[in-house]
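Just run-v8.cif here, mmCIF, C-alpha atoms:
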data_start
#
loop_
_atom_site.label_atom_id
_atom_site.label_comp_id
_atom_site.auth_asym_id
_atom_site.auth_seq_id
_atom_site.Cartn_x
_atom_site.Cartn_y
_atom_site.Cartn_z
CA SER A 1 -32.57 51.64 10.34
CA MET A 2 -34.15 48.41 9.01
CA MET A 3 -31.45 48.09 6.29
CA ARG A 4 -28.70 48.62 8.86
CA ARG A 5 -30.26 45.88 11.04
CA ASN A 6 -30.37 43.49 8.05
CA ASP A 7 -26.76 44.26 7.18
CA ASN A 8 -25.73 43.51 10.77
CA ALA A 9 -27.64 40.21 10.72
CA ILE A 10 -26.01 39.17 7.42
CA SER A 11 -22.57 40.11 8.77
CA MET A 12 -23.17 38.01 11.89
CA VAL A 13 -24.25 34.98 9.79
CA LEU A 14 -21.23 35.33 7.49
CA SER A 15 -18.90 35.62 10.48
CA PHE A 16 -20.43 32.50 12.04
CA VAL A 17 -20.07 30.51 8.77
CA SER A 18 -16.47 31.69 8.39
CA LEU A 19 -15.58 30.67 11.95
CA ALA A 20 -17.33 27.30 11.60
CA THR A 21 -15.50 26.58 8.34
CA ALA A 22 -12.16 27.51 9.90
CA ALA A 23 -12.89 25.28 12.88
CA ILE A 24 -13.50 22.32 10.57
CA VAL A 25 -10.74 22.87 7.99
CA ALA A 26 -7.91 24.03 10.27
CA PRO A 27 -7.55 20.76 12.21
CA LEU A 28 -7.67 18.82 8.95
CA GLN A 29 -4.90 20.96 7.46
CA MET A 30 -2.83 20.65 10.64
CA ASN A 31 -3.24 16.90 10.32
CA PHE A 32 -1.17 16.96 7.13
CA ALA A 33 1.99 17.31 9.19
CA MET A 34 1.35 13.99 10.97
CA ALA A 35 1.11 10.25 10.34
CA THR A 36 2.44 9.47 6.85
CA MET A 37 6.14 10.03 6.10
CA GLU A 38 6.55 13.27 4.12
CA LEU A 39 9.30 13.35 1.51
CA THR A 40 11.52 16.35 0.76
CA PRO A 41 14.01 17.01 -2.06
CA SER A 42 16.76 15.55 0.14
CA THR A 43 14.89 12.31 0.96
CA PHE A 44 12.84 11.67 -2.19
CA ASP A 45 15.44 9.86 -4.35
CA SER A 46 16.87 7.82 -1.48
CA THR A 47 13.35 6.61 -0.65
CA VAL A 48 12.03 5.72 -4.11
CA LYS A 49 15.39 4.17 -5.13
CA SER A 50 15.92 2.29 -1.88
CA GLY A 51 15.15 -1.09 -3.45
CA ARG A 52 11.72 -1.17 -1.80
CA ASN A 53 8.47 -0.81 -3.71
CA GLY A 54 6.06 1.88 -2.61
CA MET A 55 3.46 4.58 -3.25
CA VAL A 56 3.61 8.36 -3.08
CA ARG A 57 0.66 10.73 -2.80
CA TYR A 58 1.24 14.27 -4.12
CA PHE A 59 -1.17 16.63 -2.36
CA GLN A 60 -2.10 20.22 -1.52
CA SER A 61 -3.22 20.96 2.05
CA TRP A 62 -6.03 23.25 0.82
CA CYS A 63 -7.47 20.62 -1.54
CA GLY A 64 -10.73 19.01 -0.39
CA HIS A 65 -10.00 15.75 -2.23
CA SER A 66 -6.59 15.54 -0.53
CA ILE A 67 -8.18 16.13 2.87
CA ARG A 68 -10.83 13.45 2.30
CA MET A 69 -8.26 10.87 1.18
CA LYS A 70 -5.87 11.45 4.08
CA PRO A 71 -7.43 9.16 6.76
CA ASP A 72 -7.33 6.10 4.47
CA TRP A 73 -3.82 6.99 3.26
CA ASP A 74 -2.54 7.34 6.83
CA ARG A 75 -4.20 4.05 7.76
CA LEU A 76 -2.40 2.36 4.84
CA ALA A 77 0.93 3.89 5.93
CA ALA A 78 0.45 2.65 9.50
CA LYS A 79 -0.45 -0.82 8.20
CA MET A 80 2.68 -1.05 6.05
CA GLU A 81 5.02 0.18 8.81
CA GLY A 82 4.63 -3.16 10.57
CA ASP A 83 5.22 -5.26 7.44
CA PRO A 84 8.62 -6.96 7.09
CA SER A 85 8.72 -6.28 3.34
CA GLN A 86 8.59 -2.57 4.16
CA VAL A 87 6.61 -1.19 1.27
CA PHE A 88 6.95 2.57 1.70
CA ILE A 89 3.88 4.82 1.77
CA ALA A 90 4.79 8.49 1.57
CA ASP A 91 3.47 12.01 0.95
CA VAL A 92 4.81 14.95 -1.02
CA ASN A 93 3.34 18.33 -0.07
CA CYS A 94 3.15 20.27 -3.34
CA GLY A 95 2.70 23.52 -1.45
CA SER A 96 6.06 23.08 0.30
CA HIS A 97 7.94 21.18 -2.43
CA LYS A 98 6.62 22.43 -5.76
CA MET A 99 9.78 21.30 -7.57
CA LEU A 100 9.15 17.62 -6.74
CA CYS A 101 5.58 17.88 -8.00
CA ASP A 102 6.67 19.67 -11.18
CA MET A 103 9.27 16.97 -11.84
CA ALA A 104 6.56 14.32 -11.49
CA GLY A 105 4.25 16.27 -13.82
CA VAL A 106 1.57 16.64 -11.15
CA THR A 107 -1.27 18.97 -12.14
CA THR A 108 -4.22 17.64 -10.10
CA TYR A 109 -4.52 16.79 -6.40
CA PRO A 110 -4.13 14.32 -4.97
CA THR A 111 -2.06 12.44 -7.55
CA VAL A 112 -0.81 8.97 -6.58
CA ARG A 113 2.18 7.24 -8.15
CA TYR A 114 3.65 3.85 -7.35
CA TYR A 115 7.29 2.81 -7.61
CA ILE A 116 8.74 -0.61 -8.46
CA ASP A 117 12.54 -0.94 -8.44
CA GLY A 118 12.78 2.86 -8.43
CA ARG A 119 10.65 3.31 -11.57
CA GLU A 120 7.56 5.50 -11.42
CA HIS A 121 4.12 4.38 -12.63
CA PRO A 122 0.73 6.15 -12.58
CA TYR A 123 -1.83 4.77 -10.14
CA ASP A 124 -5.42 4.86 -11.39
CA GLY A 125 -7.09 2.58 -8.82
CA GLY A 126 -9.49 3.34 -5.99
CA ARG A 127 -8.57 5.84 -3.29
CA GLY A 128 -10.21 4.06 -0.34
CA PHE A 129 -8.29 1.93 2.17
CA GLU A 130 -9.51 -1.45 0.88
CA ALA A 131 -8.61 -0.65 -2.75
CA LEU A 132 -5.20 0.75 -1.80
CA LEU A 133 -4.35 -2.19 0.45
CA GLY A 134 -5.47 -4.64 -2.23
CA PHE A 135 -3.17 -2.97 -4.75
CA VAL A 136 -0.22 -3.11 -2.34
CA HIS A 137 -0.80 -6.82 -1.71
CA GLU A 138 -1.18 -7.68 -5.37
CA GLU A 139 1.47 -5.45 -6.95
CA LEU A 140 4.00 -4.14 -4.43
CA LEU A 141 4.62 -6.62 -1.61
CA LEU A 142 7.85 -8.53 -2.04
CA GLN A 143 7.02 -12.21 -2.02
CA CYS A 144 8.49 -14.69 0.46
CA ASP A 145 11.45 -16.60 -1.04
CA VAL A 146 11.63 -20.11 0.45
CA HIS A 147 15.38 -20.17 -0.24
CA ASP A 148 15.93 -16.99 1.80
CA VAL A 149 13.30 -17.19 4.52
CA PHE A 150 15.13 -15.07 7.11
CA GLU A 151 15.47 -12.04 4.83
CA THR A 152 12.25 -12.16 2.80
CA CYS A 153 9.50 -13.81 4.84
CA SER A 154 7.29 -12.60 7.67
CA ASP A 155 7.09 -14.74 10.81
CA LYS A 156 3.75 -16.09 9.64
CA ALA A 157 5.10 -16.96 6.19
CA ALA A 158 8.25 -18.54 7.68
CA LYS A 159 6.11 -20.83 9.86
CA TYR A 160 4.05 -21.76 6.82
CA VAL A 161 7.22 -22.63 4.86
CA ASP A 162 8.40 -24.83 7.73
CA LYS A 163 5.02 -26.57 7.94
CA TRP A 164 4.92 -27.52 4.24
CA ARG A 165 8.61 -27.87 3.35
CA ARG A 166 8.76 -31.67 3.65
CA ARG A 167 5.44 -32.50 1.99
CA GLU A 168 5.23 -34.54 -1.22
CA SER A 169 4.50 -32.86 -4.58
CA ASN A 170 0.98 -34.29 -4.88
CA VAL A 171 0.08 -32.96 -1.40
CA LEU A 172 1.46 -29.51 -2.29
CA LYS A 173 -0.47 -29.49 -5.59
CA LYS A 174 -3.71 -30.39 -3.81
CA GLU A 175 -3.28 -27.50 -1.37
CA ILE A 176 -2.48 -25.06 -4.20
CA ASP A 177 -5.71 -26.11 -5.96
CA ARG A 178 -7.67 -25.57 -2.73
CA LEU A 179 -6.25 -22.07 -2.27
CA GLN A 180 -6.91 -21.13 -5.90
CA GLY A 181 -10.52 -22.19 -5.39
CA MET A 182 -10.77 -19.79 -2.44
CA GLU A 183 -9.78 -16.81 -4.61
CA SER A 184 -13.13 -16.76 -6.37
CA GLY A 185 -14.88 -16.09 -3.06
CA ASP A 186 -15.46 -12.76 -1.34
CA MET A 187 -12.59 -11.93 1.00
CA THR A 188 -10.74 -8.96 2.48
CA PRO A 189 -7.55 -7.69 0.78
CA ASP A 190 -5.54 -8.96 3.77
CA LEU A 191 -6.90 -12.49 3.39
CA LYS A 192 -6.57 -12.46 -0.40
CA GLY A 193 -2.94 -11.34 -0.05
CA TRP A 194 -2.25 -14.17 2.41
CA VAL A 195 -3.92 -16.73 0.13
CA ARG A 196 -1.74 -15.61 -2.79
CA GLU A 197 1.40 -15.62 -0.68
CA ARG A 198 0.67 -19.19 0.41
CA GLU A 199 0.17 -20.20 -3.24
CA HIS A 200 3.51 -18.58 -4.10
CA ILE A 201 5.26 -20.43 -1.24
CA LEU A 202 3.75 -23.78 -2.16
CA SER A 203 4.62 -23.33 -5.85
CA GLN A 204 8.27 -22.75 -4.91
CA LEU A 205 8.27 -25.78 -2.61
CA MET A 206 6.65 -27.94 -5.27
CA LYS A 207 9.25 -26.88 -7.85
CA THR A 208 12.07 -27.71 -5.42
CA ARG A 209 10.45 -31.04 -4.51
CA THR A 210 10.07 -31.95 -8.20
CA GLU A 211 13.73 -31.11 -8.87
CA ILE A 212 14.82 -33.31 -5.94
CA ASP A 213 12.58 -36.18 -7.12
CA ASN A 214 13.89 -35.90 -10.68
CA ALA A 215 17.49 -35.84 -9.48
CA GLY A 216 16.83 -39.00 -7.45
CA GLU A 217 15.38 -40.80 -10.47
CA GLU A 218 18.44 -39.89 -12.57
CA GLU A 219 20.75 -41.37 -9.94
CA LEU A 220 18.76 -44.61 -10.05
#
Would you mind writing the file out in structure tokens?
Amino acid sequence: SMMRRNDNAISMVLSFVSLATAAIVAPLQMNFAMATMELTPSTFDSTVKSGRNGMVRYFQSWCGHSIRMKPDWDRLAAKMEGDPSQVFIADVNCGSHKMLCDMAGVTTYPTVRYYIDGREHPYDGGRGFEALLGFVHEELLLQCDVHDVFETCSDKAAKYVDKWRRRESNVLKKEIDRLQGMESGDMTPDLKGWVREREHILSQLMKTRTEIDNAGEEEL
């Protein structure tokens, strides 16, 4: 009688643990169908070879590491959706599309790869939002081209180009030096990306200004 009672108590505890685990894991697994764009065999090539740079996370919905990474990955995807350079952030579900994961040589989950001009590279950086965003800013964002502002620059960058376009070379150089000095300080990936983009814009403007000045001297 006592043994039967103990067995019943153990069964009740195990049932409770099983239900609690299901309650926690199920919503997380359901979440995998939402937020980040999920690639399939019919959309994979057209995405990675679209001319845009981007990142792909290969995951399994049962994998704890994949589940833990998902909120930061979805946040990164949402952040990039509003960017004019349109860096793509995508998922491949290895449970649904094993062939894509086999082709990429994926054996652990999640595996992250990044793509530049359609070519695949392994990503070994941090998996948190700040590290991922920093990598996107430093390696994947297409830089603003001052000679093609409409197609390549955000509204903010375009206004910055307009503000500095007519400045003299020495003024541009002074501002570049100031921005480079800021890089050694502690700043968010967003701010660091904007500092570097401004440096890139000013360097282009300074080169153009120098060419114009040199051409003027030759005419004289």
request  = Considering all atoms listed in the file, state which residue in the set A:Glu38, A:Asp102, A:Asp213, A:Asp72 is at the smallest distance from Leu133 (chain A).
outcome  =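 Ranked by minimum distance to Leu133 (chain A), first place goes to A:Asp72.
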Might I get the box with edges along x, y and z of the file that holds all atoms of region 44-63 of chain A listed there, padded by 6 Å on every side, given as centre and edge lengths in Å to one decimal, as JSON?
{"center_x": 4.7, "center_y": 11.0, "center_z": -1.5, "size_x": 36.3, "size_y": 36.4, "size_z": 19.2}
task = Tell me which residues the PyMOL selection byres ((chain A and resi 48) around 12) grabs here, as a PyMOL selection string.
result = chain A and resi 39-47+49-56+87-91+113-121
Those residues with C-alpha atoms, as an mmCIF file, in the coordinates of the input please?
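Wrote result.cif, looks like this:
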data_model
loop_
_atom_site.group_PDB
_atom_site.id
_atom_site.type_symbol
_atom_site.label_atom_id
_atom_site.label_comp_id
_atom_site.auth_asym_id
_atom_site.auth_seq_id
_atom_site.Cartn_x
_atom_site.Cartn_y
_atom_site.Cartn_z
ATOM 1 C CA LEU A 39 9.300 13.350 1.510
ATOM 2 C CA THR A 40 11.520 16.350 0.760
ATOM 3 C CA PRO A 41 14.010 17.010 -2.060
ATOM 4 C CA SER A 42 16.760 15.550 0.140
ATOM 5 C CA THR A 43 14.890 12.310 0.960
ATOM 6 C CA PHE A 44 12.840 11.670 -2.190
ATOM 7 C CA ASP A 45 15.440 9.860 -4.350
ATOM 8 C CA SER A 46 16.870 7.820 -1.480
ATOM 9 C CA THR A 47 13.350 6.610 -0.650
ATOM 10 C CA LYS A 49 15.390 4.170 -5.130
ATOM 11 C CA SER A 50 15.920 2.290 -1.880
ATOM 12 C CA GLY A 51 15.150 -1.090 -3.450
ATOM 13 C CA ARG A 52 11.720 -1.170 -1.800
ATOM 14 C CA ASN A 53 8.470 -0.810 -3.710
ATOM 15 C CA GLY A 54 6.060 1.880 -2.610
ATOM 16 C CA MET A 55 3.460 4.580 -3.250
ATOM 17 C CA VAL A 56 3.610 8.360 -3.080
ATOM 18 C CA VAL A 87 6.610 -1.190 1.270
ATOM 19 C CA PHE A 88 6.950 2.570 1.700
ATOM 20 C CA ILE A 89 3.880 4.820 1.770
ATOM 21 C CA ALA A 90 4.790 8.490 1.570
ATOM 22 C CA ASP A 91 3.470 12.010 0.950
ATOM 23 C CA ARG A 113 2.180 7.240 -8.150
ATOM 24 C CA TYR A 114 3.650 3.850 -7.350
ATOM 25 C CA TYR A 115 7.290 2.810 -7.610
ATOM 26 C CA ILE A 116 8.740 -0.610 -8.460
ATOM 27 C CA ASP A 117 12.540 -0.940 -8.440
ATOM 28 C CA GLY A 118 12.780 2.860 -8.430
ATOM 29 C CA ARG A 119 10.650 3.310 -11.570
ATOM 30 C CA GLU A 120 7.560 5.500 -11.420
ATOM 31 C CA HIS A 121 4.120 4.380 -12.630
#
query = Which residue out of A:Met37, A:Leu179, A:Val146, A:Val171 has the minimum interatomic distance to Ile201 (chain A) when only C-alpha atoms are used?
reply =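 That would be A:Val146, the residue with the smallest distance to Ile201 (chain A).
Straight-line separation from CA of Arg127 (chain A) to CA of Met182 (chain A): 25.7 Å.
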Take region 204-215 of chain A, bring it up to all heavy atoms, and give me the output as a short mmCIF file (atom, residue, chain, number, x, y, z; two decimals), in the frame of the given file.
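And here is the file that came out, part-v1.cif:
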data_model
loop_
_atom_site.label_atom_id
_atom_site.label_comp_id
_atom_site.auth_asym_id
_atom_site.auth_seq_id
_atom_site.Cartn_x
_atom_site.Cartn_y
_atom_site.Cartn_z
N GLN A 204 6.81 -22.64 -5.03
CA GLN A 204 8.27 -22.75 -4.91
C GLN A 204 8.67 -24.10 -4.31
O GLN A 204 9.60 -24.76 -4.79
CB GLN A 204 8.81 -21.63 -4.03
CG GLN A 204 8.68 -20.24 -4.61
CD GLN A 204 9.18 -19.21 -3.61
OE1 GLN A 204 10.38 -18.99 -3.47
NE2 GLN A 204 8.26 -18.59 -2.89
N LEU A 205 7.96 -24.50 -3.26
CA LEU A 205 8.27 -25.78 -2.61
C LEU A 205 8.03 -26.95 -3.55
O LEU A 205 8.80 -27.92 -3.57
CB LEU A 205 7.44 -25.94 -1.33
CG LEU A 205 7.74 -24.97 -0.19
CD1 LEU A 205 6.77 -25.19 0.96
CD2 LEU A 205 9.18 -25.12 0.30
N MET A 206 6.96 -26.86 -4.35
CA MET A 206 6.65 -27.94 -5.27
C MET A 206 7.72 -28.03 -6.36
O MET A 206 8.14 -29.13 -6.75
CB MET A 206 5.27 -27.72 -5.91
CG MET A 206 4.75 -28.97 -6.60
SD MET A 206 3.00 -28.87 -6.99
CE MET A 206 3.06 -27.99 -8.52
N LYS A 207 8.19 -26.89 -6.83
CA LYS A 207 9.25 -26.88 -7.85
C LYS A 207 10.52 -27.52 -7.29
O LYS A 207 11.17 -28.34 -7.95
CB LYS A 207 9.53 -25.44 -8.29
CG LYS A 207 10.60 -25.34 -9.37
CD LYS A 207 10.87 -23.88 -9.73
CE LYS A 207 12.01 -23.81 -10.74
NZ LYS A 207 12.41 -22.41 -11.03
N THR A 208 10.87 -27.14 -6.06
CA THR A 208 12.07 -27.71 -5.42
C THR A 208 11.91 -29.21 -5.21
O THR A 208 12.84 -29.99 -5.48
CB THR A 208 12.31 -27.02 -4.06
OG1 THR A 208 12.48 -25.62 -4.27
CG2 THR A 208 13.56 -27.58 -3.39
N ARG A 209 10.72 -29.63 -4.75
CA ARG A 209 10.45 -31.04 -4.51
C ARG A 209 10.55 -31.84 -5.82
O ARG A 209 11.14 -32.93 -5.86
CB ARG A 209 9.07 -31.21 -3.88
CG ARG A 209 8.56 -32.64 -3.76
CD ARG A 209 9.50 -33.55 -2.98
NE ARG A 209 9.67 -33.11 -1.61
CZ ARG A 209 10.52 -33.69 -0.75
NH1 ARG A 209 11.29 -34.69 -1.17
NH2 ARG A 209 10.64 -33.25 0.47
N THR A 210 10.01 -31.28 -6.90
CA THR A 210 10.07 -31.95 -8.20
C THR A 210 11.50 -32.11 -8.68
O THR A 210 11.90 -33.15 -9.22
CB THR A 210 9.24 -31.16 -9.25
OG1 THR A 210 7.89 -31.03 -8.79
CG2 THR A 210 9.25 -31.85 -10.60
N GLU A 211 12.32 -31.05 -8.48
CA GLU A 211 13.73 -31.11 -8.87
C GLU A 211 14.47 -32.19 -8.09
O GLU A 211 15.29 -32.93 -8.63
CB GLU A 211 14.38 -29.74 -8.65
CG GLU A 211 13.93 -28.69 -9.66
CD GLU A 211 14.40 -27.29 -9.29
OE1 GLU A 211 15.00 -27.12 -8.19
OE2 GLU A 211 14.16 -26.35 -10.08
N ILE A 212 14.17 -32.29 -6.78
CA ILE A 212 14.82 -33.31 -5.94
C ILE A 212 14.40 -34.71 -6.39
O ILE A 212 15.23 -35.61 -6.52
CB ILE A 212 14.45 -33.09 -4.45
CG1 ILE A 212 15.10 -31.82 -3.92
CG2 ILE A 212 14.86 -34.30 -3.61
CD1 ILE A 212 14.60 -31.39 -2.55
N ASP A 213 13.09 -34.88 -6.67
CA ASP A 213 12.58 -36.18 -7.12
C ASP A 213 13.21 -36.59 -8.45
O ASP A 213 13.61 -37.74 -8.64
CB ASP A 213 11.06 -36.14 -7.24
CG ASP A 213 10.37 -36.02 -5.88
OD1 ASP A 213 11.04 -36.26 -4.86
OD2 ASP A 213 9.17 -35.68 -5.85
N ASN A 214 13.31 -35.61 -9.37
CA ASN A 214 13.89 -35.90 -10.68
C ASN A 214 15.37 -36.27 -10.58
O ASN A 214 15.86 -37.16 -11.26
CB ASN A 214 13.71 -34.71 -11.63
CG ASN A 214 12.26 -34.53 -12.03
OD1 ASN A 214 11.44 -35.43 -11.91
ND2 ASN A 214 11.93 -33.34 -12.53
N ALA A 215 16.07 -35.56 -9.69
CA ALA A 215 17.49 -35.84 -9.48
C ALA A 215 17.68 -37.24 -8.93
O ALA A 215 18.60 -37.97 -9.31
CB ALA A 215 18.11 -34.81 -8.55
#
